[in-house]
>>> print(open('final_10.pdb').read())   # PDB, C-alpha atoms and all ligand atoms
MODEL        1
ATOM      1  CA  MET A1222       1.829   4.616  46.683
ATOM      2  CA  VAL A1223      -0.758   6.951  45.182
ATOM      3  CA  ILE A1224      -2.117   5.711  41.890
ATOM      4  CA  ASP A1225      -3.128   8.535  39.643
ATOM      5  CA  ASP A1226      -5.918   7.461  37.292
ATOM      6  CA  GLU A1227      -5.777  10.692  35.301
ATOM      7  CA  PRO A1228      -4.130  10.240  31.910
ATOM      8  CA  PRO A1229      -1.082  12.470  31.490
ATOM      9  CA  ALA A1230      -2.010  15.867  30.077
ATOM     10  CA  ILE A1231      -0.994  16.301  26.458
ATOM     11  CA  PRO A1232       1.081  19.471  26.299
ATOM     12  CA  HIS A1233      -0.531  22.000  24.005
ATOM     13  CA  ARG A1234       1.631  23.491  21.335
ATOM     14  CA  LYS A1235       2.075  27.189  22.120
ATOM     15  CA  LEU A1236       1.723  29.627  19.272
ATOM     16  CA  ALA A1237       4.851  31.743  18.832
ATOM     17  CA  PRO A1238       4.545  35.336  17.592
ATOM     18  CA  GLY A1239       5.032  35.636  13.833
ATOM     19  CA  LYS A1240       3.162  35.171  10.596
ATOM     20  CA  LEU A1241      -0.048  33.209  10.555
ATOM     21  CA  VAL A1242      -2.088  32.434   7.456
ATOM     22  CA  ILE A1243      -5.839  32.869   7.718
ATOM     23  CA  ALA A1244      -6.884  29.955   5.519
ATOM     24  CA  SER A1245     -10.162  31.450   4.326
ATOM     25  CA  HIS A1246     -11.316  33.078   1.112
ATOM     26  CA  ASN A1247     -14.340  34.667   2.781
ATOM     27  CA  GLU A1248     -13.766  38.408   3.321
ATOM     28  CA  GLY A1249     -16.268  38.599   6.165
ATOM     29  CA  LYS A1250     -14.587  35.792   8.090
ATOM     30  CA  VAL A1251     -11.095  37.141   7.433
ATOM     31  CA  ARG A1252     -12.206  40.522   8.838
ATOM     32  CA  GLU A1253     -13.626  38.903  11.984
ATOM     33  CA  ILE A1254     -10.627  36.615  12.535
ATOM     34  CA  ARG A1255      -8.231  39.560  12.131
ATOM     35  CA  ALA A1256     -10.171  41.453  14.809
ATOM     36  CA  LEU A1257     -10.117  38.449  17.159
ATOM     37  CA  LEU A1258      -6.339  37.995  16.633
ATOM     38  CA  ALA A1259      -5.527  41.703  16.986
ATOM     39  CA  PRO A1260      -4.628  41.645  20.719
ATOM     40  CA  TYR A1261      -2.154  38.759  20.341
ATOM     41  CA  GLY A1262       0.768  40.276  18.427
ATOM     42  CA  ILE A1263       0.751  37.941  15.482
ATOM     43  CA  GLU A1264       0.798  38.974  11.842
ATOM     44  CA  PRO A1265      -2.167  37.530   9.972
ATOM     45  CA  VAL A1266      -1.958  37.181   6.200
ATOM     46  CA  SER A1267      -4.888  35.907   4.208
ATOM     47  CA  ALA A1268      -4.826  32.852   1.958
ATOM     48  CA  GLY A1269      -6.131  35.066  -0.843
ATOM     49  CA  SER A1270      -3.245  37.534  -0.579
ATOM     50  CA  LEU A1271      -0.773  34.615  -0.812
ATOM     51  CA  GLY A1272      -2.599  33.299  -3.873
ATOM     52  CA  LEU A1273      -3.415  29.991  -2.149
ATOM     53  CA  PRO A1274      -6.139  27.940  -3.871
ATOM     54  CA  GLU A1275      -9.479  27.157  -2.234
ATOM     55  CA  PRO A1276      -9.409  23.445  -1.358
ATOM     56  CA  GLU A1277     -12.460  21.308  -2.087
ATOM     57  CA  GLU A1278     -14.418  20.797   1.150
ATOM     58  CA  THR A1279     -14.872  17.038   1.032
ATOM     59  CA  GLY A1280     -15.312  16.520   4.801
ATOM     60  CA  THR A1281     -18.599  15.456   6.385
ATOM     61  CA  SER A1282     -18.229  17.625   9.500
ATOM     62  CA  PHE A1283     -17.231  21.196  10.344
ATOM     63  CA  THR A1284     -14.117  19.857  12.077
ATOM     64  CA  ALA A1285     -13.029  17.735   9.120
ATOM     65  CA  ASN A1286     -13.424  20.657   6.700
ATOM     66  CA  ALA A1287     -11.635  23.122   8.993
ATOM     67  CA  GLU A1288      -8.733  20.684   9.383
ATOM     68  CA  LEU A1289      -8.512  20.032   5.659
ATOM     69  CA  LYS A1290      -8.414  23.785   4.887
ATOM     70  CA  ALA A1291      -5.820  24.509   7.605
ATOM     71  CA  ARG A1292      -3.637  21.609   6.491
ATOM     72  CA  ALA A1293      -3.704  22.686   2.846
ATOM     73  CA  ALA A1294      -2.678  26.265   3.699
ATOM     74  CA  ALA A1295       0.075  25.210   6.138
ATOM     75  CA  ASP A1296       1.511  22.745   3.588
ATOM     76  CA  LEU A1297       1.589  25.302   0.790
ATOM     77  CA  SER A1298       2.716  28.353   2.776
ATOM     78  CA  GLY A1299       5.080  26.873   5.371
ATOM     79  CA  PHE A1300       3.409  29.016   8.056
ATOM     80  CA  VAL A1301       0.995  28.116  10.829
ATOM     81  CA  ALA A1302      -2.478  28.280   9.289
ATOM     82  CA  LEU A1303      -5.829  29.010  10.911
ATOM     83  CA  ALA A1304      -8.942  27.805   9.080
ATOM     84  CA  ASP A1305     -12.597  28.297   9.889
ATOM     85  CA  ASP A1306     -15.422  26.051   8.826
ATOM     86  CA  SER A1307     -18.780  27.286   9.924
ATOM     87  CA  GLY A1308     -22.443  27.273   9.075
ATOM     88  CA  LEU A1309     -26.045  27.778  10.030
ATOM     89  CA  CYS A1310     -27.882  24.748  11.448
ATOM     90  CA  VAL A1311     -31.676  24.983  11.454
ATOM     91  CA  ASP A1312     -33.658  22.674  13.765
ATOM     92  CA  ALA A1313     -36.697  22.527  11.452
ATOM     93  CA  LEU A1314     -34.368  21.403   8.638
ATOM     94  CA  ARG A1315     -32.617  18.765  10.797
ATOM     95  CA  GLY A1316     -29.421  20.793  10.841
ATOM     96  CA  ASP A1317     -29.361  21.998   7.235
ATOM     97  CA  PRO A1318     -27.790  23.922   5.582
ATOM     98  CA  GLY A1319     -25.016  23.080   8.110
ATOM     99  CA  ILE A1320     -21.740  22.233   6.391
ATOM    100  CA  TYR A1321     -23.436  23.159   3.087
ATOM    101  CA  SER A1322     -24.156  26.755   4.167
ATOM    102  CA  ALA A1323     -21.806  28.273   1.596
ATOM    103  CA  ARG A1324     -23.032  25.907  -1.129
ATOM    104  CA  TRP A1325     -26.696  26.950  -0.636
ATOM    105  CA  ALA A1326     -25.649  30.398  -1.893
ATOM    106  CA  GLY A1327     -24.424  28.911  -5.181
ATOM    107  CA  GLU A1328     -21.489  29.880  -7.364
ATOM    108  CA  ALA A1329     -22.575  33.515  -7.219
ATOM    109  CA  LYS A1330     -22.391  33.493  -3.387
ATOM    110  CA  ASP A1331     -25.857  35.011  -3.335
ATOM    111  CA  PHE A1332     -26.866  35.065   0.335
ATOM    112  CA  ALA A1333     -30.097  36.981  -0.311
ATOM    113  CA  PHE A1334     -31.086  33.897  -2.312
ATOM    114  CA  ALA A1335     -29.738  31.460   0.311
ATOM    115  CA  MET A1336     -31.650  33.223   3.109
ATOM    116  CA  ARG A1337     -34.876  33.078   1.065
ATOM    117  CA  LEU A1338     -34.289  29.388   0.479
ATOM    118  CA  VAL A1339     -33.773  28.718   4.194
ATOM    119  CA  ASN A1340     -36.882  30.705   5.092
ATOM    120  CA  GLN A1341     -38.965  28.957   2.433
ATOM    121  CA  HIS A1342     -37.972  25.513   3.738
ATOM    122  CA  VAL A1343     -38.670  26.573   7.331
ATOM    123  CA  GLU A1344     -42.145  27.798   6.339
ATOM    124  CA  GLU A1345     -42.822  24.566   4.487
ATOM    125  CA  ALA A1346     -41.880  22.623   7.634
ATOM    126  CA  GLY A1347     -44.848  24.298   9.358
ATOM    127  CA  PRO A1348     -45.265  26.343  12.537
ATOM    128  CA  ASP A1349     -44.684  23.394  14.890
ATOM    129  CA  ALA A1350     -41.160  22.951  13.560
ATOM    130  CA  GLY A1351     -40.263  26.370  14.994
ATOM    131  CA  ARG A1352     -37.537  28.802  13.981
ATOM    132  CA  ASP A1353     -34.692  27.747  16.304
ATOM    133  CA  ALA A1354     -31.239  27.698  14.754
ATOM    134  CA  HIS A1355     -27.611  27.883  15.726
ATOM    135  CA  PHE A1356     -24.338  28.800  14.105
ATOM    136  CA  VAL A1357     -21.359  26.470  14.502
ATOM    137  CA  CYS A1358     -17.719  27.387  13.953
ATOM    138  CA  ALA A1359     -14.760  24.997  13.918
ATOM    139  CA  LEU A1360     -11.388  26.721  14.042
ATOM    140  CA  SER A1361      -8.357  24.614  13.139
ATOM    141  CA  LEU A1362      -4.767  25.565  13.616
ATOM    142  CA  CYS A1363      -2.260  23.564  11.602
ATOM    143  CA  TRP A1364       1.491  23.834  12.034
ATOM    144  CA  PRO A1365       3.783  23.235   9.022
ATOM    145  CA  ASP A1366       4.823  19.896  10.579
ATOM    146  CA  GLY A1367       1.211  18.706  10.336
ATOM    147  CA  HIS A1368       0.232  19.101  14.012
ATOM    148  CA  VAL A1369      -3.442  20.184  14.152
ATOM    149  CA  GLU A1370      -5.642  21.497  16.955
ATOM    150  CA  THR A1371      -9.346  22.205  16.482
ATOM    151  CA  PHE A1372     -11.835  24.130  18.619
ATOM    152  CA  GLU A1373     -15.599  24.292  18.137
ATOM    153  CA  GLY A1374     -17.964  27.096  19.111
ATOM    154  CA  ARG A1375     -21.705  27.676  18.892
ATOM    155  CA  VAL A1376     -24.326  30.370  19.310
ATOM    156  CA  ASP A1377     -28.076  29.716  19.585
ATOM    157  CA  GLY A1378     -30.776  31.918  18.164
ATOM    158  CA  THR A1379     -33.933  32.346  16.112
ATOM    159  CA  LEU A1380     -34.466  32.917  12.417
ATOM    160  CA  VAL A1381     -36.290  36.142  11.576
ATOM    161  CA  TRP A1382     -38.021  37.107   8.349
ATOM    162  CA  PRO A1383     -37.559  39.455   6.574
ATOM    163  CA  PRO A1384     -33.791  39.770   7.072
ATOM    164  CA  ARG A1385     -32.659  42.851   9.000
ATOM    165  CA  GLY A1386     -29.411  44.815   8.808
ATOM    166  CA  ASP A1387     -26.518  45.079   6.401
ATOM    167  CA  LYS A1388     -23.584  44.483   8.735
ATOM    168  CA  GLY A1389     -21.723  41.182   9.036
ATOM    169  CA  PHE A1390     -21.952  38.689   6.181
ATOM    170  CA  GLY A1391     -23.666  35.529   4.984
ATOM    171  CA  TYR A1392     -26.789  34.619   6.976
ATOM    172  CA  ASP A1393     -26.269  37.335   9.635
ATOM    173  CA  PRO A1394     -29.360  39.429   8.698
ATOM    174  CA  MET A1395     -31.761  36.527   9.425
ATOM    175  CA  PHE A1396     -30.138  35.329  12.686
ATOM    176  CA  GLN A1397     -31.154  36.813  16.028
ATOM    177  CA  PRO A1398     -29.109  35.427  18.930
ATOM    178  CA  LEU A1399     -31.074  34.312  22.013
ATOM    179  CA  GLY A1400     -31.705  37.112  24.488
ATOM    180  CA  HIS A1401     -31.119  39.895  21.939
ATOM    181  CA  GLN A1402     -33.436  42.064  19.869
ATOM    182  CA  GLN A1403     -31.019  42.734  17.017
ATOM    183  CA  THR A1404     -29.900  40.327  14.319
ATOM    184  CA  PHE A1405     -26.173  39.800  13.710
ATOM    185  CA  GLY A1406     -26.763  41.916  10.602
ATOM    186  CA  GLU A1407     -27.827  44.853  12.779
ATOM    187  CA  MET A1408     -25.100  44.539  15.438
ATOM    188  CA  GLU A1409     -21.790  46.334  15.470
ATOM    189  CA  ALA A1410     -18.830  43.989  14.923
ATOM    190  CA  ASP A1411     -17.749  44.235  18.572
ATOM    191  CA  ALA A1412     -21.169  43.138  19.799
ATOM    192  CA  LYS A1413     -21.143  40.096  17.487
ATOM    193  CA  HIS A1414     -17.614  39.241  18.672
ATOM    194  CA  GLY A1415     -18.891  39.202  22.247
ATOM    195  CA  MET A1416     -21.226  36.282  21.574
ATOM    196  CA  SER A1417     -20.657  34.620  18.191
ATOM    197  CA  HIS A1418     -19.855  30.993  17.401
ATOM    198  CA  ARG A1419     -16.516  32.215  16.020
ATOM    199  CA  ALA A1420     -15.713  34.097  19.237
ATOM    200  CA  ASP A1421     -16.731  31.030  21.288
ATOM    201  CA  ALA A1422     -14.340  28.797  19.327
ATOM    202  CA  PHE A1423     -11.655  31.476  19.477
ATOM    203  CA  ARG A1424     -11.888  31.692  23.292
ATOM    204  CA  LYS A1425     -11.120  27.968  23.467
ATOM    205  CA  LEU A1426      -8.236  28.358  21.024
ATOM    206  CA  VAL A1427      -6.761  31.222  23.058
ATOM    207  CA  ALA A1428      -6.965  29.188  26.252
ATOM    208  CA  ALA A1429      -5.099  26.312  24.592
ATOM    209  CA  VAL A1430      -2.389  27.911  22.485
ATOM    210  CA  PHE A1431      -1.681  31.488  23.584
TER     211      PHE A1431
HETATM  212  O1  LIG B1501     -14.215  28.107   3.260
HETATM  213  P1  LIG B1501     -13.803  29.554   3.397
HETATM  214  O2  LIG B1501     -12.811  29.977   2.367
HETATM  215  O3  LIG B1501     -13.362  29.899   4.779
HETATM  216  O4  LIG B1501     -15.102  30.478   3.132
HETATM  217  P2  LIG B1501     -16.613  29.990   2.986
HETATM  218  O5  LIG B1501     -17.461  31.185   2.844
HETATM  219  O6  LIG B1501     -16.713  28.936   1.908
HETATM  220  O7  LIG B1501     -16.901  29.353   4.405
HETATM  221  P3  LIG B1501     -17.465  27.923   4.796
HETATM  222  O8  LIG B1501     -17.073  26.908   3.810
HETATM  223  O9  LIG B1501     -17.083  27.705   6.224
HETATM  224  O10 LIG B1501     -19.037  28.141   4.705
HETATM  225  C1  LIG B1501     -19.721  28.700   5.756
HETATM  226  C2  LIG B1501     -20.813  29.611   5.290
HETATM  227  O11 LIG B1501     -21.690  29.785   6.435
HETATM  228  C3  LIG B1501     -22.013  31.113   6.621
HETATM  229  N1  LIG B1501     -21.521  31.658   7.895
HETATM  230  C4  LIG B1501     -20.492  31.203   8.669
HETATM  231  N2  LIG B1501     -20.277  32.014   9.703
HETATM  232  C5  LIG B1501     -21.172  33.010   9.587
HETATM  233  C6  LIG B1501     -21.432  34.160  10.322
HETATM  234  O12 LIG B1501     -20.693  34.504  11.373
HETATM  235  N3  LIG B1501     -22.414  34.950   9.929
HETATM  236  C7  LIG B1501     -23.157  34.646   8.835
HETATM  237  N4  LIG B1501     -22.967  33.602   8.069
HETATM  238  C8  LIG B1501     -21.979  32.777   8.435
HETATM  239  C9  LIG B1501     -21.309  31.921   5.544
HETATM  240  O13 LIG B1501     -22.232  32.304   4.621
HETATM  241  C10 LIG B1501     -20.276  30.984   4.956
HETATM  242  O14 LIG B1501     -20.161  31.169   3.568
HETATM  243 MG    MG B1502     -15.775  27.160   2.126
ENDMDL
END
>>> encode(input="final_10.pdb", output="structure tokens")
Amino acid sequence: MVIDDEPPAIPHRKLAPGKLVIASHNEGKVREIRALLAPYGIEPVSAGSLGLPEPEETGTSFTANAELKARAAADLSGFVALADDSGLCVDALRGDPGIYSARWAGEAKDFAFAMRLVNQHVEEAGPDAGRDAHFVCALSLCWPDGHVETFEGRVDGTLVWPPRGDKGFGYDPMFQPLGHQQTFGEMEADAKHGMSHRADAFRKLVAAVF
């Protein structure tokens, strides 16, 4: 008898065509997620257009926050929901702003201010601390029955100062991905989608559920 030590594979839930709620209130993210979903024949609707509230992000990890946002939107809408929790992690700041990336921009969502704050802290950390950083993105899909699947992506890069470019959103103008001369703020959307943390997570999601 052959004994198979491999645990049985857990069958992944396949995503059927139909409505899907993008559980984000960030216009920039919603735009990028729509573009990533475009080839797959599903109808994305945003949480904002359904009037869904923004849940409080009480998790202590990207995954926990993505799952909490997806769960809230699936519960309230009755559709499959896709949430994104993401952020900029700076080595010199031991991973900050990380899951607090949105909060560093304050109530006014002022990312010019948030970028200055990040740069100021990096300069205070001194030249030896370096300017390495990465973006992380956790994408969670939640079905109305509560089943959740989460996928994490990452892109490594360097922080530049002053910020460059007015494309993208958030911290894009100060983030230059490794091996490239342009910041995410200077790149066309398609170029960012070829290498971003969000695209990396999305590739894993596609492999599992499409
Ligand atoms: O929670 P939702 O409603 O999705 O929207 P949010 O803006 O609050 O999103 P997060 O809680 O995930 O916070 C992540 C922040 O990190 C920043 N961020 C994430 N992905 C980014 C990207 O691709 N480019 C630039 N900044 C990004 C951006 O400023 C976000 O506000
Ligand atoms: Mg948020």
>>> residues_near_ligand(input="final_10.pdb", ligand="ligand MG 1502 (chain B)", cutoff="8 Å", atoms="all atoms listed in the file", output="list in words")
Ser1245, His1246, Asn1247, Glu1275, Glu1277, Glu1278, Asp1306 and Ala1323 of chain A
>>> closest_residue(input="final_10.pdb", among="A:Ala1293, A:Ala1259, A:Ala1412, A:Ala1244", to="ligand LIG 1501 (chain B)", atoms="only C-alpha atoms and all ligand atoms")
A:Ala1244
>>> residues_near_ligand(input="final_10.pdb", ligand="ligand LIG 1501 (chain B)", cutoff="7 Å", atoms="all atoms listed in the file", output="list in words")
Ala1244, Ser1245, His1246, Asn1247, Lys1250, Glu1275, Ala1304, Asp1305, Asp1306, Ser1307, Gly1308, Leu1309, Ile1320, Tyr1321, Ser1322, Ala1323, Phe1332, Phe1356, Cys1358, Gly1389, Phe1390, Gly1391, Tyr1392, Asp1393, Ser1417 and Arg1419 of chain A
>>> write_last_selection(input="final_10.pdb", atoms="C-alpha atoms", output="compact mmCIF listing (two decimals), in the frame of the given file")
# COMPACT_ATOMS: atom_id res chain seq x y z
CA ALA A 1244 -6.88 29.96 5.52
CA SER A 1245 -10.16 31.45 4.33
CA HIS A 1246 -11.32 33.08 1.11
CA ASN A 1247 -14.34 34.67 2.78
CA LYS A 1250 -14.59 35.79 8.09
CA GLU A 1275 -9.48 27.16 -2.23
CA ALA A 1304 -8.94 27.80 9.08
CA ASP A 1305 -12.60 28.30 9.89
CA ASP A 1306 -15.42 26.05 8.83
CA SER A 1307 -18.78 27.29 9.92
CA GLY A 1308 -22.44 27.27 9.07
CA LEU A 1309 -26.04 27.78 10.03
CA ILE A 1320 -21.74 22.23 6.39
CA TYR A 1321 -23.44 23.16 3.09
CA SER A 1322 -24.16 26.76 4.17
CA ALA A 1323 -21.81 28.27 1.60
CA PHE A 1332 -26.87 35.06 0.34
CA PHE A 1356 -24.34 28.80 14.10
CA CYS A 1358 -17.72 27.39 13.95
CA GLY A 1389 -21.72 41.18 9.04
CA PHE A 1390 -21.95 38.69 6.18
CA GLY A 1391 -23.67 35.53 4.98
CA TYR A 1392 -26.79 34.62 6.98
CA ASP A 1393 -26.27 37.34 9.64
CA SER A 1417 -20.66 34.62 18.19
CA ARG A 1419 -16.52 32.22 16.02
>>> resolve_selection(input="final_10.pdb", expression="the PyMOL selection byres (((chain A and resi 1410) around 10) and not hetatm)", output="JSON, numbers by chain")
{"A": [1252, 1253, 1256, 1388, 1389, 1405, 1406, 1407, 1408, 1409, 1411, 1412, 1413, 1414, 1415]}
>>> resolve_selection(input="final_10.pdb", expression="the PyMOL selection byres (((chain A and resi 1385) around 9) and not hetatm)", output="list in words")
Val1381, Trp1382, Pro1383, Pro1384, Gly1386, Asp1387, Asp1393, Pro1394, Met1395, Phe1396, Gln1403, Thr1404, Phe1405, Gly1406 and Glu1407 of chain A
>>> write_last_selection(input="final_10.pdb", atoms="C-alpha atoms", output="PDB file, keeping the file's coordinate frame")
ATOM      1  CA  VAL A1381     -36.290  36.142  11.576  1.00  0.00           C
ATOM      2  CA  TRP A1382     -38.021  37.107   8.349  1.00  0.00           C
ATOM      3  CA  PRO A1383     -37.559  39.455   6.574  1.00  0.00           C
ATOM      4  CA  PRO A1384     -33.791  39.770   7.072  1.00  0.00           C
ATOM      5  CA  GLY A1386     -29.411  44.815   8.808  1.00  0.00           C
ATOM      6  CA  ASP A1387     -26.518  45.079   6.401  1.00  0.00           C
ATOM      7  CA  ASP A1393     -26.269  37.335   9.635  1.00  0.00           C
ATOM      8  CA  PRO A1394     -29.360  39.429   8.698  1.00  0.00           C
ATOM      9  CA  MET A1395     -31.761  36.527   9.425  1.00  0.00           C
ATOM     10  CA  PHE A1396     -30.138  35.329  12.686  1.00  0.00           C
ATOM     11  CA  GLN A1403     -31.019  42.734  17.017  1.00  0.00           C
ATOM     12  CA  THR A1404     -29.900  40.327  14.319  1.00  0.00           C
ATOM     13  CA  PHE A1405     -26.173  39.800  13.710  1.00  0.00           C
ATOM     14  CA  GLY A1406     -26.763  41.916  10.602  1.00  0.00           C
ATOM     15  CA  GLU A1407     -27.827  44.853  12.779  1.00  0.00           C
TER      16      GLU A1407
END
>>> atom_distance(input="final_10.pdb", atom1="atom CA of A:Val1251", atom2="atom CA of A:Phe1423")
13.3 Å
>>> atom_distance(input="final_10.pdb", atom1="atom CA of A:Thr1284", atom2="atom CA of A:Arg1255")
20.6 Å
>>> closest_residue(input="final_10.pdb", among="A:Leu1271, A:Ala1428, A:Met1416, A:Asp1331", to="A:Ala1295", atoms="only C-alpha atoms")
A:Leu1271
>>> atom_distance(input="final_10.pdb", atom1="atom CA of A:Ala1285", atom2="atom CA of A:Leu1360")
10.4 Å
>>> closest_residue(input="final_10.pdb", among="A:Lys1330, A:Leu1273, A:Ala1422, A:Pro1348", to="A:Glu1373", atoms="all atoms listed in the file")
A:Ala1422
>>> residues_around(input="final_10.pdb", residues="A:Ala1354", least_positions_apart="5", cutoff="9 Å", atoms="all atoms listed in the file", output="list in words")
Leu1309, Cys1310, Val1311, Asp1312, Ala1313, Gly1316, Val1376, Asp1377, Gly1378, Thr1379, Leu1380 and Phe1396 of chain A
>>> closest_residue(input="final_10.pdb", among="A:Ala1302, A:Val1339, A:Ala1294, A:Leu1314", to="A:Leu1241", atoms="only C-alpha atoms")
A:Ala1302
>>> closest_residue(input="final_10.pdb", among="A:Ala1350, A:Val1430, A:Ala1333, A:Phe1372", to="A:Pro1238", atoms="only C-alpha atoms")
A:Val1430
>>> residues_near_point(input="final_10.pdb", point="(-4.6, 26.0, 10.5)", cutoff="7 Å", atoms="all atoms listed in the file", output="PyMOL selection string")
chain A and resi 1244+1288+1291-1292+1295+1301-1304+1361-1364+1369
>>> closest_residue(input="final_10.pdb", among="A:Leu1297, A:Gly1249, A:Leu1258, A:Lys1290", to="A:Gly1272", atoms="only C-alpha atoms")
A:Leu1297
>>> axis_aligned_box(input="final_10.pdb", around="stretch 1278-1295 of chain A", padding_each_side="3 Å", output="JSON")
{"center_x": -9.3, "center_y": 20.9, "center_z": 6.6, "size_x": 24.7, "size_y": 16.8, "size_z": 17.0}
>>> decode(input="final_10.pdb", residues="stretch 1323-1339 of chain A", atoms="N, CA and C atoms", output="mmCIF file, in the first residue's frame")
data_model
loop_
_atom_site.group_PDB
_atom_site.id
_atom_site.type_symbol
_atom_site.label_atom_id
_atom_site.label_comp_id
_atom_site.auth_asym_id
_atom_site.auth_seq_id
_atom_site.Cartn_x
_atom_site.Cartn_y
_atom_site.Cartn_z
ATOM 1 N N ALA A 1323 -2.999 54.770 5.793
ATOM 2 C CA ALA A 1323 -4.094 55.711 5.530
ATOM 3 C C ALA A 1323 -4.186 56.710 6.683
ATOM 4 N N ARG A 1324 -3.999 56.212 7.905
ATOM 5 C CA ARG A 1324 -4.162 57.074 9.089
ATOM 6 C C ARG A 1324 -3.094 58.168 9.158
ATOM 7 N N TRP A 1325 -1.891 57.924 8.614
ATOM 8 C CA TRP A 1325 -0.850 58.962 8.619
ATOM 9 C C TRP A 1325 -1.270 60.181 7.785
ATOM 10 N N ALA A 1326 -2.240 60.000 6.898
ATOM 11 C CA ALA A 1326 -2.699 61.117 6.069
ATOM 12 C C ALA A 1326 -3.814 61.905 6.753
ATOM 13 N N GLY A 1327 -4.248 61.444 7.913
ATOM 14 C CA GLY A 1327 -5.244 62.178 8.699
ATOM 15 C C GLY A 1327 -6.629 62.144 8.102
ATOM 16 N N GLU A 1328 -7.548 62.795 8.812
ATOM 17 C CA GLU A 1328 -8.951 62.871 8.380
ATOM 18 C C GLU A 1328 -9.080 63.447 6.984
ATOM 19 N N ALA A 1329 -8.204 64.406 6.677
ATOM 20 C CA ALA A 1329 -8.281 65.104 5.384
ATOM 21 C C ALA A 1329 -7.708 64.268 4.235
ATOM 22 N N LYS A 1330 -7.177 63.083 4.549
ATOM 23 C CA LYS A 1330 -6.543 62.227 3.536
ATOM 24 C C LYS A 1330 -5.530 63.021 2.721
ATOM 25 N N ASP A 1331 -4.654 63.700 3.460
ATOM 26 C CA ASP A 1331 -3.664 64.581 2.834
ATOM 27 C C ASP A 1331 -2.355 63.792 2.658
ATOM 28 N N PHE A 1332 -2.164 63.260 1.446
ATOM 29 C CA PHE A 1332 -0.982 62.420 1.213
ATOM 30 C C PHE A 1332 0.276 63.237 0.926
ATOM 31 N N ALA A 1333 0.126 64.517 0.564
ATOM 32 C CA ALA A 1333 1.312 65.370 0.461
ATOM 33 C C ALA A 1333 1.913 65.488 1.861
ATOM 34 N N PHE A 1334 1.048 65.658 2.840
ATOM 35 C CA PHE A 1334 1.465 65.735 4.247
ATOM 36 C C PHE A 1334 2.058 64.396 4.702
ATOM 37 N N ALA A 1335 1.361 63.302 4.402
ATOM 38 C CA ALA A 1335 1.825 61.974 4.842
ATOM 39 C C ALA A 1335 3.194 61.655 4.243
ATOM 40 N N MET A 1336 3.399 62.004 2.969
ATOM 41 C CA MET A 1336 4.696 61.728 2.333
ATOM 42 C C MET A 1336 5.796 62.552 2.995
ATOM 43 N N ARG A 1337 5.489 63.814 3.327
ATOM 44 C CA ARG A 1337 6.486 64.654 4.020
ATOM 45 C C ARG A 1337 6.851 64.048 5.373
ATOM 46 N N LEU A 1338 5.824 63.550 6.048
ATOM 47 C CA LEU A 1338 6.035 62.947 7.365
ATOM 48 C C LEU A 1338 6.941 61.709 7.249
ATOM 49 N N VAL A 1339 6.654 60.865 6.278
ATOM 50 C CA VAL A 1339 7.489 59.672 6.069
ATOM 51 C C VAL A 1339 8.920 60.100 5.781
#
